[in-house]
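Take a look at the structure set out below.
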Amino acid sequence: MAMELCPSCRGQVVVDGSARASEIVECPECGSVLELVSTNPFALALAPDVAEDWGE
Amino acid sequence: MAMELCPSCRGQVVVDGSARASEIVECPECGSVLELVSTNPFALALAPDVAEDWGE
Amino acid sequence: MTTVAVVGGSGYIGGELLRLLLGHPEVELAAVTSTRLAGRRIDTTHPNLRGHTDLKFVEPDALDKYDAVFLAVAHRTAMRMVPGMVARAGCLVDLSADFRLRDSGVYQRYYDTEHEAPQLLDGFTPGWPERYREQLREADRISVPGCTAMAGMLALYPLAAEGLVEPDVTVDARTGSSGSGAAAGNVNLHAERSGAMRVFAPLRHRHEAEIAQATGLRVRMSATGVEAVRGVQVYCRATAKDNADESTVRQAYRRHYGDEPFVRVVAYRSGGYRYPEPKILSGSNYCDVGFAAEPGQVVAIAALDNLVKGGAGNAVQCLNIRRGWPETTGLGFPGLHPV
Amino acid sequence: MTTVAVVGGSGYIGGELLRLLLGHPEVELAAVTSTRLAGRRIDTTHPNLRGHTDLKFVEPDALDKYDAVFLAVAHRTAMRMVPGMVARAGCLVDLSADFRLRDSGVYQRYYDTEHEAPQLLDGFTPGWPERYREQLREADRISVPGCTAMAGMLALYPLAAEGLVEPDVTVDARTGSSGSGAAAGNVNLHAERSGAMRVFAPLRHRHEAEIAQATGLRVRMSATGVEAVRGVQVYCRATAKDNADESTVRQAYRRHYGDEPFVRVVAYRSGGYRYPEPKILSGSNYCDVGFAAEPGQVVAIAALDNLVKGGAGNAVQCLNIRRGWPETTGLGFPGLHPV
Amino acid sequence: MTTVAVVGGSGYIGGELLRLLLGHPEVELAAVTSTRLAGRRIDTTHPNLRGHTDLKFVEPDALDKYDAVFLAVAHRTAMRMVPGMVARAGCLVDLSADFRLRDSGVYQRYYDTEHEAPQLLDGFTPGWPERYREQLREADRISVPGCTAMAGMLALYPLAAEGLVEPDVTVDARTGSSGSGAAAGNVNLHAERSGAMRVFAPLRHRHEAEIAQATGLRVRMSATGVEAVRGVQVYCRATAKDNADESTVRQAYRRHYGDEPFVRVVAYRSGGYRYPEPKILSGSNYCDVGFAAEPGQVVAIAALDNLVKGGAGNAVQCLNIRRGWPETTGLGFPGLHPV
Amino acid sequence: MTTVAVVGGSGYIGGELLRLLLGHPEVELAAVTSTRLAGRRIDTTHPNLRGHTDLKFVEPDALDKYDAVFLAVAHRTAMRMVPGMVARAGCLVDLSADFRLRDSGVYQRYYDTEHEAPQLLDGFTPGWPERYREQLREADRISVPGCTAMAGMLALYPLAAEGLVEPDVTVDARTGSSGSGAAAGNVNLHAERSGAMRVFAPLRHRHEAEIAQATGLRVRMSATGVEAVRGVQVYCRATAKDNADESTVRQAYRRHYGDEPFVRVVAYRSGGYRYPEPKILSGSNYCDVGFAAEPGQVVAIAALDNLVKGGAGNAVQCLNIRRGWPETTGLGFPGLHPV
Ligand SMILES: NC(=O)c1ccc[n+]([C@@H]2O[C@H](COP(=O)([O-])OP(=O)(O)OC[C@H]3O[C@@H](n4cnc5c(N)ncnc54)[C@H](OP(=O)(O)O)[C@@H]3O)[C@@H](O)[C@H]2O)c1
Ligand SMILES: NC(=O)c1ccc[n+]([C@@H]2O[C@H](COP(=O)([O-])OP(=O)(O)OC[C@H]3O[C@@H](n4cnc5c(N)ncnc54)[C@H](OP(=O)(O)O)[C@@H]3O)[C@@H](O)[C@H]2O)c1
Ligand SMILES: NC(=O)c1ccc[n+]([C@@H]2O[C@H](COP(=O)([O-])OP(=O)(O)OC[C@H]3O[C@@H](n4cnc5c(N)ncnc54)[C@H](OP(=O)(O)O)[C@@H]3O)[C@@H](O)[C@H]2O)c1
Ligand SMILES: NC(=O)c1ccc[n+]([C@@H]2O[C@H](COP(=O)([O-])OP(=O)(O)OC[C@H]3O[C@@H](n4cnc5c(N)ncnc54)[C@H](OP(=O)(O)O)[C@@H]3O)[C@@H](O)[C@H]2O)c1
Ligand SMILES: [Zn+2]
Ligand SMILES: [Zn+2]
């Protein structure tokens with residue numbers, strides 16, 4: 001298990017030791033959907049966003 | 001324009017003179033979705049139902 | 001112009017009468033009474049009427065004579081007022097319960113009050129256009145049915161009239177909060193009433209007497225308050241006679257309502273609005289009736305806005321008939337969707 | 001600690017199970033599955049659990065073995081899953097309809113589906129603590145009744161068991177929107193469903209089969225969606241046998257429920273809450289039952305939160321019994337007022 | 001009769017246009033389009049129109065030529081359609097966002113889309129009767145403001161025009177669920193949206209660009225969804241200039257709106273409806289505007305029905321002006337109380 | 001066991017105190033007073049407590065001495081009672097407004113009443129655990145902040161304390177109906193209050209004085225009643241100082257609330273619950289705080305249940321601190337979803 005920082009809000013994100021590359025992890029503080037772009041060392045990046053349209 | 005009877009509720013269904021075979025017509029009284037199975041003479045049959053599941 | 005007065009204009013039925021009458025092309029709203037608010041502007045109580053009238057409430061004593069007078073007061077108050085009112089009104093339309101029941105004994109049983117003007121009962125014509133249209137053309141005293149009663153009557157009359165059901169029926173009403181009027185107390189405080197499913201009458205709802213009288217059936221009626229301000233829905237169960245089924249029921253409704261301007265038969269195959277839904281009727285004078293059947297049982301459903309077809313709208317429809325105007329005059333609002 | 005897994009944790013029943021299990025002192029929530037959301041945090045779907053868990057959904061295949069497994073998936077899915085699930089679960093608790101009805105023919109008639117594991121039906125104990133407490137102490141396969149069925153069963157069982165009513169009864173359910181689940185479509189869009197009185201089942205509501213099976217009565221059941229998110233109320237009518245009256249009915253309820261931790265008899269003389277009211281039960285595991293009677297007719301009313309005593313709470317109560325814990329463990333929330 | 005077509009008739013704005021146009025004495029509703037529901041009856045989607053029309057949706061390609069065409073489609077779709085539509089429409093009225101903003105760069109910033117017909121922007125007249133009445137008499141391309149934008153514009157324009165406030169203002173909108181349209185997804189499921197106070201736009205709500213363009217002010221706008229189906233209310237704060245106080249503000253509103261048929265100044269001393277309240281405007285074409293002030297700060301409040309004065313009603317009011325009819329034609333419904 | 005009395009137990013705050021105290025493992029609820037309902041069972045007024053207590057209301061005079069006394073009476077009543085109450089209460093917790101403001105001049109200005117016990121003001125510790133934890137460990141007189149004030153204080157204090165914003169801030173509160181109490185009158189009748197967006201305080205809401213006192217900011221506050229029974233949300237705007245942006249704001253909230261048991265930072269990228277939502281907090285003691293920023297402006301949002309973290313729950317949290325119990329004792333309910 002490693003503690004990484006969320007690229008969006010710099011909150012602590014727990015990355016499981018067995019996590020594999022391109023796995024999706026969510027930041028518990030800001031909810032950003034992050035992608036584990038590398039595992040050695042761990043690095044997180046914002047996964048591509050699904051646009052939300054709330055209507056008017 | 002012809003007046004046909006709905007096979008489900010026997011309500012009056014207006015069929016446009018220019019209607020073509022397999023066109024969909026709705027019964028104004030019971031909402032059944034009907035298919036024009038023939039045009040000469042006009043004949044209506046219940047179109048296959050889309051099942052509705054309301055949940056519990 | 002037909003001059004009209006509304007007695008008890010500060011309540012919910014009164015306010016709805018004002019809205020309809022102010023928008024009625026043949027009517028001149030001449031006076032509106034309130035005992036508590038005499039001298040105050042009407043639009044203080046009914047903010048939707050801002051910009052539509054500068055009228056103020058007057059004391060009931062200040063009434064003159066009018067072509068038509070609508071009584072929108074509570075029961076008991078109405079029957080005390082009526083004797084003195086008949087001279088002032090070309091046509092008197094009462095919306096209270098006091099002159100709905102022919103039998104003053106039944107009235108006493110359901111309303112816990114002795115009738116104070118039983119001799120006047122026979123002089124009233126039921127404010128039920130779908131059945132008493134001819135009589136209403138000449139009626140000078142009209143008694144409008146109760147809101148849930150009207151729904152039950154419209155749902156069940158065709159079934160009874162055509163002998164499709166056995167005499168014992170049950171009616172379970174669901175109702176919004178405006179049915180209780182503006183003078184309601186603590187139990188109708190928003191924090192108590194909001195989101196409730198309040199069985200306020202598990203049995204013997206007063207309107208069962210009206211439905212029984214209207215249909216000749218033996219009616220057991222309950223009522224539950226649900227979350228809504230306007231809206232009544234009745235769910236009626238009856239035992240099918242002979243081979244009454246969905247087809248025969250639909251035909252019965254067609255015969256009775258096919259030409260009616262304000263009753264629609266709503267029983268569709270699918271969709272969120274396949275059966276009568278009160279919310280799309282808010283503000284409109286429609287009563288939608290629907291049905292379902294399985295071997296041995298017929299279910300009839302009806303929905304309406306308690307203040308419109310369940311009250312004020314029905315009263316205006318009766319006035320239209322009495323005065324020989326098109327029945328839909330001033331009652332054209334169709335209802336909203338979404339709402 | 002008792003290890004527990006929840007299958008179908010992203011839905012409404014699943015979410016409620018998570019809330020109750022996370023707060024249960026004897027339970028360790030070990031795994032929660034979702035096919036659509038595997039890998040995502042649970043609190044993304046269930047925001048009330050923020051700060052209570054860092055668990056993520058996993059694929060159903062990733063399940064291990066657990067002391068108890070709760071299935072919160074749709075019917076059909078459940079019966080396909082159960083055969084493969086029994087090996088993973090010390091105690092398997094199914095909340096779907098698939099194992100509630102003993103007779104797979106009845107199941108087929110009501111659910112339009114052929115039962116895929118009828119041989120397993122006999123192995124399930126009804127998740128009905130009030131009646132099957134002893135059997136539940138040893139049950140390793142439990143089938144939790146449907147939400148409106150549970151209310152109807154609790155309302156009618158004492159009347160049937162004590163011979164107070166004739167066999168033909170009607171049950172009219174009023175329900176909030178969460179009963180339809182999170183996967184509901186367009187008809188449950190807020191602008192359509194808000195403030196509605198939607199008769200979505202005028203007859204033959206599926207749960208009538210469960211109530212009939214439970215009570216031996218012949219049940220006709222309808223259901224109407226009203227404005228609420230949680231909450232179910234059933235209004236049941238029956239013909240009184242012999243001299244069944246309010247007094248005999250109250251005694252019957254006392255005998256059956258006087259010692260029950262989660263069934264209260266609510267039939268008071270007056271007040272806005274004199275009969276069972278769902279909204280004050282939101283989040284609690286209570287079912288309140290009430291009644292009224294007049295000559296010839298008995299009315300029974302019950303209310304509960306469809307996700308709690310109508311589902312997840314009832315399931316946890318069954319687990320408590322199975323594991324020998326105090327039955328109220330983890331189910332202490334009393335409900336709110338005002339609400 | 002003026003022939004009219006509605007493009008995108010299956011949505012919420014489309015449905016409201018149909019209700020108003022079907023009830024409009026000068027208009028003949030000739031065609032209504034839908035891509036998904038071509039061939040289906042209109043009243044299947046809009047149940048309040050049962051008995052009012054037998055029209056069916058047609059494909060957009062099937063359109064002919066009409067005196068007026070209303071576009072009720074989503075943004076982006078509208079701007080793609082408009083070039084091909086101008087030949088079919090004597091008067092083209094667009095309700096989308098695509099032709100509201102003069103500056104296609106601002107459009108791009110707020111809508112994340114490059115404008116596909118910027119050369120057409122200058123040809124559109126704002127569908128804002130209170131300010132563009134003269135131009136609307138001759139306008140053949142009209143762009144109707146957004147619902148919350150209309151409320152903000154009516155609330156703030158007099159203050160800006162009369163120099164009563166500093167340029168930086170904030171607008172906080174509260175809105176019901178129909179503002180998001182019928183195509184909304186999971187977040188608008190009833191169980192999620194009911195009873196919410198959902199801040200869906202804490203900053204930079206799209207309509208701030210329209211209000212800024214209309215008033216010359218620098219606008220920061222937020223929006224929160226609250227429990228309602230129809231209804232928008234904007235609460236605007238501004239820094240008072242000079243000695244702007246309640247008296248000067250009231251006079252400014254009187255000057256601008258005293259003769260307006262559909263804008264009422266609502267700022268009373270007391271009562272539950274002392275400031276603009278959306279619910280009594282449901283179905284009506286009113287925008288009520290109100291205000292309060294304390295040293296240094298002016299607050300302006302406006303309320304309207306997002307589908308009526310915030311959309312379809314405003315569009316019909318513009319058509320009335322264009323065709324030289326009384327501006328209130330077909331727009332007479334006053335709103336309800338109680339509701 | 002710690003003995004506790006609740007004065008003013010028939011109201012909404014009183015009822016909530018009873019629910020929490022009856023479920024509190026360390027507390028014995030010894031007495032509950034009501035002037036109007038002395039001698040009546042508590043569960044007649046608070047039906048959610050049926051089966052949880054057989055206590056009856058007693059007259060305030062009948063009070064003895066208790067380890068803790070909670071005052072849940074109206075303002076003015078509280079300050080008259082306090083002098084005589086201090087002898088009866090080991091720890092006195094007042095939920096009224098009377099002892100929240102240090103400056104009796106400010107009190108007079110906002111409450112239109114001269115303070116009757118200004119000499120006692122200094123003796124009260126703010127019932128604000130997040131900031132006064134140490135002092136509360138020894139406090140024998142505690143004054144609990146108002147419901148919307150608490151939300152505003154929690155939202156704004158970190159921004160003020162860390163110098164992230166300029167002193168002038170605006171707070172716009174949205175609130176359910178229970179905030180007005182059970183003694184509310186006609187304007188809170190369900191038919192009037194349901195579905196409303198009622199700006200009942202366009203300016204100068206009383207709680208702005210508390211927020212100003214707590215944060216040192218200059219606060220302008222409004223309040224609008226929306227459709228809900230429980231729930232408060234505050235939407236606060238401030239001018240950013242220096243380079244305050246979303247990142248610096250988040251860090252400030254982390255520092256202040258990272259270890260707090262009942263304050264969660266809720267500012268997510270997406271979803272229907274990305275910002276603080278009151279409805280999922282109903283019954284729970286959470287205050288969720290969130291934020292957004294754009295150049296020059298910081299927006300802070302907070303939500304809580306007015307009767308719990310906005311009142312009774314906060315009071316119990318203070319008692320827990322005073323008595324040295326784990327702060328979450330008796331306050332474990334997490335809130336519901338869906339709800
Ligand atoms: N509500 C319905 O759905 C409905 C439907 C059909 C028929 N009705 C019948 O129509 C009649 C009027 O019903 P309603 O619903 O309009 O009743 P309501 O709102 O309670 O008004 C009835 C009278 O009560 C008084 N009142 C109004 N608000 C009050 C308040 N806040 N405090 C004290 N008194 C107040 C008014 O008289 P003053 O101004 O003179 O004080 C008013 O005329 C009744 O006979 C009823 O049975 C009602
Ligand atoms: N709701 C009640 O009141 C209630 C009461 C008692 C028993 N039950 C029973 O309990 C079971 C679950 O009911 P429920 O109300 O929890 O149903 P639900 O919310 O619809 O969830 C059931 C499953 O549907 C999937 N799902 C959830 N949200 C979805 C969405 N937005 N789109 C597509 N699929 C989605 C999920 O599976 P994946 O995450 O794997 O996709 C979930 O496990 C059913 O068998 C029901 O009969 C329900
Ligand atoms: N809602 C408001 O308060 C409001 C106010 C002012 C202006 N406007 C503007 O008016 C325009 C229409 O808004 P609206 O609220 O009417 O939007 P809407 O209800 O979403 O309808 C827009 C279009 O979406 C399609 N649609 C409708 N229901 C659908 C469903 N269930 N699934 C998929 N597609 C569906 C329809 O096109 P097809 O039938 O061809 O599929 C319809 O014409 C927008 O440009 C909006 O910005 C809206
Ligand atoms: N409501 C909130 O959200 C909230 C939040 C924080 C603090 N507070 C504060 O807590 C205190 C109590 O507030 P509350 O909301 O509980 O007020 P409430 O419900 O109006 O109760 C206050 C008192 O009013 C009396 N009362 C209750 N119902 C009544 C009725 N129907 N008719 C006449 N009198 C009635 C009761 O005294 P008797 O039984 O002796 O007659 C009760 O103790 C106030 O000081 C308030 O500012 C309220
Ligand atoms: Zn983050
Ligand atoms: Zn048909």
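Naming scheme: A, B, ... for chains in displayed order of the structure tokens; residues 1 onward per chain; ligands 1 onward as shown.
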### Residues of region 104-333 of chain C in strand (DSSP E or B), written as a ChimeraX atom specification
/C:125-126,141-143,165-175,189,198-201,218-225,232-240,263-265,287-294,297-304
### Query
Neighbours of Asn243 (chain F) within 12 Å (only C-alpha atoms; same-chain residues fewer than 6 positions away dropped), as a list in words?
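The filter keeps Gly163, Leu164, Val165, Glu166, Val249, Ala293, Glu294, Pro295, Gly296, Gln297 and Val298 of chain F.
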The selected residues should be written to file as a compact mmCIF listing (two decimals), in the first residue's frame (atoms: N, CA and C atoms).
# COMPACT_ATOMS: atom_id res chain seq x y z
N GLY F 163 -7.21 34.13 6.80
CA GLY F 163 -7.04 35.33 5.99
C GLY F 163 -7.20 35.12 4.50
N LEU F 164 -8.10 34.22 4.13
CA LEU F 164 -8.26 33.93 2.71
C LEU F 164 -9.28 34.83 2.02
N VAL F 165 -10.07 35.54 2.82
CA VAL F 165 -11.14 36.34 2.21
C VAL F 165 -11.21 37.74 2.82
N GLU F 166 -11.75 38.66 2.06
CA GLU F 166 -11.99 40.02 2.55
C GLU F 166 -13.16 39.97 3.54
N VAL F 249 -8.10 26.92 -0.38
CA VAL F 249 -9.31 26.76 0.42
C VAL F 249 -9.42 25.32 0.92
N ALA F 293 -14.21 28.14 -6.29
CA ALA F 293 -13.57 29.45 -6.41
C ALA F 293 -13.33 29.78 -7.87
N GLU F 294 -13.37 31.06 -8.17
CA GLU F 294 -12.92 31.54 -9.47
C GLU F 294 -12.13 32.81 -9.16
N PRO F 295 -11.39 33.33 -10.11
CA PRO F 295 -10.55 34.48 -9.78
C PRO F 295 -11.36 35.58 -9.09
N GLY F 296 -10.93 35.90 -7.87
CA GLY F 296 -11.57 36.98 -7.15
C GLY F 296 -12.69 36.56 -6.23
N GLN F 297 -13.20 35.37 -6.39
CA GLN F 297 -14.36 34.98 -5.57
C GLN F 297 -14.19 33.60 -4.98
N VAL F 298 -14.55 33.52 -3.71
CA VAL F 298 -14.59 32.20 -3.07
C VAL F 298 -16.03 31.95 -2.64
#### Entry: Who sits within 10 Å of Tyr66 (chain F), only C-alpha atoms, same chain under 5 positions skipped, as a list in words
Thr2, Thr3, Val4, Ala5, Glu28, Leu29, Ala30, Ala31, Ala87, Arg88, Ala89, Gly90, Cys91 and Leu92 of chain F
Counting only C-alpha atoms and all ligand atoms, which residues in chain C sit no more than 12 Å from ligand 3? For each one, give the nearest pair of atoms and the distance in Å, sorted by chain then residue number, as JSON lines.
{"residue": "C:His337", "atom": "CA", "partner": "ligand 3", "partner_atom_place_in_ligand_line": "19 (O)", "distance": 11.0}
{"residue": "C:Pro338", "atom": "CA", "partner": "ligand 3", "partner_atom_place_in_ligand_line": "19 (O)", "distance": 9.6}
{"residue": "C:Val339", "atom": "CA", "partner": "ligand 3", "partner_atom_place_in_ligand_line": "3 (O)", "distance": 11.9}
### Neighbour list for region 138-143 of chain E as an NGL selection string, cut-off 7 Å, only C-alpha atoms, skip fewer than 6 positions in-chain
:E and (90-95 or 99-100 or 123-127 or 322)
### Query
Can I get the residues close to ligand 1 as JSON, numbers by chain, where close means within 6 Å and we count only C-alpha atoms and all ligand atoms?
{"C": [8, 9, 10, 11, 12, 13, 14, 34, 35, 36, 37, 72, 73, 74, 75, 95, 96, 97, 146, 147, 178, 179, 180, 181, 182, 183, 306, 307, 310, 311]}
Would you mind exporting the chosen residues as a compact mmCIF listing (two decimals), in the first residue's frame, restricted to N, CA, C and O atoms?
# COMPACT_ATOMS: atom_id res chain seq x y z
N GLY C 8 -67.93 33.81 1.71
CA GLY C 8 -66.86 32.96 2.25
C GLY C 8 -65.71 32.93 1.28
O GLY C 8 -65.13 31.91 0.97
N GLY C 9 -65.36 34.12 0.80
CA GLY C 9 -64.36 34.21 -0.26
C GLY C 9 -62.93 34.07 0.19
O GLY C 9 -62.03 34.02 -0.64
N SER C 10 -62.68 34.02 1.51
CA SER C 10 -61.29 33.98 1.97
C SER C 10 -60.74 32.57 2.04
O SER C 10 -59.54 32.38 2.22
N GLY C 11 -61.62 31.58 1.92
CA GLY C 11 -61.15 30.20 2.02
C GLY C 11 -60.63 29.67 0.70
O GLY C 11 -60.54 30.41 -0.28
N TYR C 12 -60.32 28.37 0.66
CA TYR C 12 -59.73 27.80 -0.53
C TYR C 12 -60.74 27.66 -1.67
O TYR C 12 -60.45 27.99 -2.81
N ILE C 13 -61.94 27.19 -1.36
CA ILE C 13 -62.96 27.10 -2.40
C ILE C 13 -63.35 28.50 -2.86
O ILE C 13 -63.52 28.77 -4.04
N GLY C 14 -63.47 29.41 -1.90
CA GLY C 14 -63.78 30.80 -2.24
C GLY C 14 -62.76 31.38 -3.19
O GLY C 14 -63.10 31.98 -4.21
N SER C 34 -66.26 38.15 3.71
CA SER C 34 -65.49 37.45 4.73
C SER C 34 -65.81 38.09 6.06
O SER C 34 -65.90 39.32 6.15
N THR C 35 -66.01 37.27 7.07
CA THR C 35 -66.29 37.84 8.38
C THR C 35 -64.99 38.35 9.01
O THR C 35 -64.94 39.42 9.58
N ARG C 36 -63.90 37.58 8.87
CA ARG C 36 -62.64 37.97 9.50
C ARG C 36 -61.93 39.10 8.78
O ARG C 36 -61.24 39.91 9.38
N LEU C 37 -62.05 39.14 7.44
CA LEU C 37 -61.19 40.03 6.67
C LEU C 37 -61.94 41.16 5.94
O LEU C 37 -61.45 41.71 4.96
N ALA C 72 -69.47 29.57 -0.15
CA ALA C 72 -68.24 28.78 0.01
C ALA C 72 -67.87 28.71 1.48
O ALA C 72 -66.68 28.73 1.84
N VAL C 73 -68.88 28.64 2.32
CA VAL C 73 -68.64 28.60 3.75
C VAL C 73 -68.70 27.17 4.26
O VAL C 73 -69.10 26.26 3.55
N ALA C 74 -68.34 27.02 5.51
CA ALA C 74 -68.33 25.68 6.11
C ALA C 74 -69.76 25.16 6.27
O ALA C 74 -70.72 25.92 6.28
N HIS C 75 -69.85 23.83 6.40
CA HIS C 75 -71.18 23.28 6.66
C HIS C 75 -71.65 23.81 8.01
O HIS C 75 -70.84 24.26 8.83
N LEU C 95 -71.79 25.23 -1.94
CA LEU C 95 -70.71 24.23 -2.05
C LEU C 95 -70.51 23.44 -0.77
O LEU C 95 -69.65 22.56 -0.71
N SER C 96 -71.32 23.72 0.23
CA SER C 96 -71.14 22.99 1.49
C SER C 96 -71.85 21.64 1.42
O SER C 96 -72.54 21.33 0.45
N ALA C 97 -71.74 20.89 2.51
CA ALA C 97 -72.37 19.57 2.57
C ALA C 97 -73.84 19.66 2.93
O ALA C 97 -74.57 18.68 2.81
N GLY C 146 -69.47 17.00 -2.75
CA GLY C 146 -68.14 17.08 -2.13
C GLY C 146 -67.09 16.61 -3.12
O GLY C 146 -67.40 15.90 -4.08
N CYS C 147 -65.84 17.00 -2.87
CA CYS C 147 -64.78 16.72 -3.85
C CYS C 147 -64.54 15.24 -4.06
O CYS C 147 -64.56 14.77 -5.22
N SER C 178 -55.31 20.68 0.56
CA SER C 178 -56.26 21.80 0.45
C SER C 178 -57.69 21.34 0.66
O SER C 178 -58.58 22.16 0.86
N GLY C 179 -57.93 20.05 0.61
CA GLY C 179 -59.27 19.54 0.86
C GLY C 179 -59.75 19.85 2.28
O GLY C 179 -60.95 19.87 2.54
N SER C 180 -58.81 20.09 3.18
CA SER C 180 -59.16 20.39 4.56
C SER C 180 -59.41 21.88 4.79
O SER C 180 -59.76 22.28 5.90
N GLY C 181 -59.22 22.70 3.79
CA GLY C 181 -59.50 24.12 3.96
C GLY C 181 -58.38 24.90 4.62
O GLY C 181 -57.42 24.34 5.14
N ALA C 182 -58.54 26.22 4.59
CA ALA C 182 -57.51 27.13 5.10
C ALA C 182 -57.57 27.27 6.62
O ALA C 182 -56.65 27.77 7.24
N ALA C 183 -58.67 26.85 7.20
CA ALA C 183 -58.82 27.03 8.65
C ALA C 183 -58.31 25.83 9.43
O ALA C 183 -58.53 25.72 10.62
N ASN C 306 -59.62 18.82 -6.38
CA ASN C 306 -60.69 19.00 -5.40
C ASN C 306 -61.29 20.40 -5.40
O ASN C 306 -62.44 20.58 -5.03
N LEU C 307 -60.51 21.40 -5.80
CA LEU C 307 -61.04 22.76 -5.78
C LEU C 307 -61.73 23.12 -7.09
O LEU C 307 -62.46 24.11 -7.15
N GLY C 310 -63.93 19.23 -8.29
CA GLY C 310 -64.41 18.81 -6.98
C GLY C 310 -65.09 19.94 -6.22
O GLY C 310 -65.47 19.77 -5.07
N GLY C 311 -65.28 21.09 -6.85
CA GLY C 311 -65.86 22.21 -6.12
C GLY C 311 -66.18 23.40 -7.01
O GLY C 311 -67.20 23.39 -7.71
Would you tabulate, counting only C-alpha atoms and all ligand atoms, all residues of chain C that have an atom at most 12 Å from an atom of ligand 6, showing the closest pair of atoms and their distance in Å to one decimal, sorted by chain then ascending number, as JSON lines?
{"residue": "C:Glu246", "atom": "CA", "partner": "ligand 6", "partner_atom_place_in_ligand_line": "1 (Zn)", "distance": 11.4}
{"residue": "C:Ser247", "atom": "CA", "partner": "ligand 6", "partner_atom_place_in_ligand_line": "1 (Zn)", "distance": 10.0}
{"residue": "C:Arg250", "atom": "CA", "partner": "ligand 6", "partner_atom_place_in_ligand_line": "1 (Zn)", "distance": 9.9}
{"residue": "C:Gln251", "atom": "CA", "partner": "ligand 6", "partner_atom_place_in_ligand_line": "1 (Zn)", "distance": 11.4}
{"residue": "C:Val265", "atom": "CA", "partner": "ligand 6", "partner_atom_place_in_ligand_line": "1 (Zn)", "distance": 11.5}
{"residue": "C:Val266", "atom": "CA", "partner": "ligand 6", "partner_atom_place_in_ligand_line": "1 (Zn)", "distance": 11.1}
{"residue": "C:Ala267", "atom": "CA", "partner": "ligand 6", "partner_atom_place_in_ligand_line": "1 (Zn)", "distance": 9.3}
{"residue": "C:Tyr268", "atom": "CA", "partner": "ligand 6", "partner_atom_place_in_ligand_line": "1 (Zn)", "distance": 8.0}
{"residue": "C:Arg269", "atom": "CA", "partner": "ligand 6", "partner_atom_place_in_ligand_line": "1 (Zn)", "distance": 8.5}
{"residue": "C:Ser270", "atom": "CA", "partner": "ligand 6", "partner_atom_place_in_ligand_line": "1 (Zn)", "distance": 11.7}
### Task
Write out as a PyMOL selection string all residues of region 183-317 of chain D that DSSP puts in alpha helix (DSSP H) for this structure's backbone.
chain D and resi 190-193+207-215+246-257+313-317
Just need the residues of chain A within 8 Å of chain F, counting only C-alpha atoms, so spit them out as a short mmCIF file (atom, residue, chain, number, x, y, z; two decimals) with N, CA, C and O atoms, in the first residue's frame.
data_model
loop_
_atom_site.label_atom_id
_atom_site.label_comp_id
_atom_site.auth_asym_id
_atom_site.auth_seq_id
_atom_site.Cartn_x
_atom_site.Cartn_y
_atom_site.Cartn_z
N CYS A 9 -6.36 17.73 -6.16
CA CYS A 9 -6.56 18.45 -4.90
C CYS A 9 -5.47 18.18 -3.87
O CYS A 9 -5.54 18.67 -2.75
N GLU A 29 -11.12 12.62 -1.42
CA GLU A 29 -11.44 13.99 -1.01
C GLU A 29 -12.17 14.79 -2.07
O GLU A 29 -13.07 15.57 -1.75
N CYS A 30 -11.77 14.64 -3.31
CA CYS A 30 -12.41 15.45 -4.33
C CYS A 30 -13.15 14.60 -5.35
O CYS A 30 -13.80 15.13 -6.25
N GLY A 31 -13.06 13.27 -5.22
CA GLY A 31 -13.81 12.40 -6.11
C GLY A 31 -13.25 12.29 -7.51
O GLY A 31 -13.84 11.62 -8.36
N SER A 32 -12.14 12.94 -7.77
CA SER A 32 -11.56 12.84 -9.11
C SER A 32 -11.29 11.39 -9.44
O SER A 32 -10.80 10.64 -8.60
N GLU A 52 -20.55 16.12 -17.88
CA GLU A 52 -21.87 16.09 -17.23
C GLU A 52 -22.66 17.26 -17.74
O GLU A 52 -22.17 18.38 -17.72
#
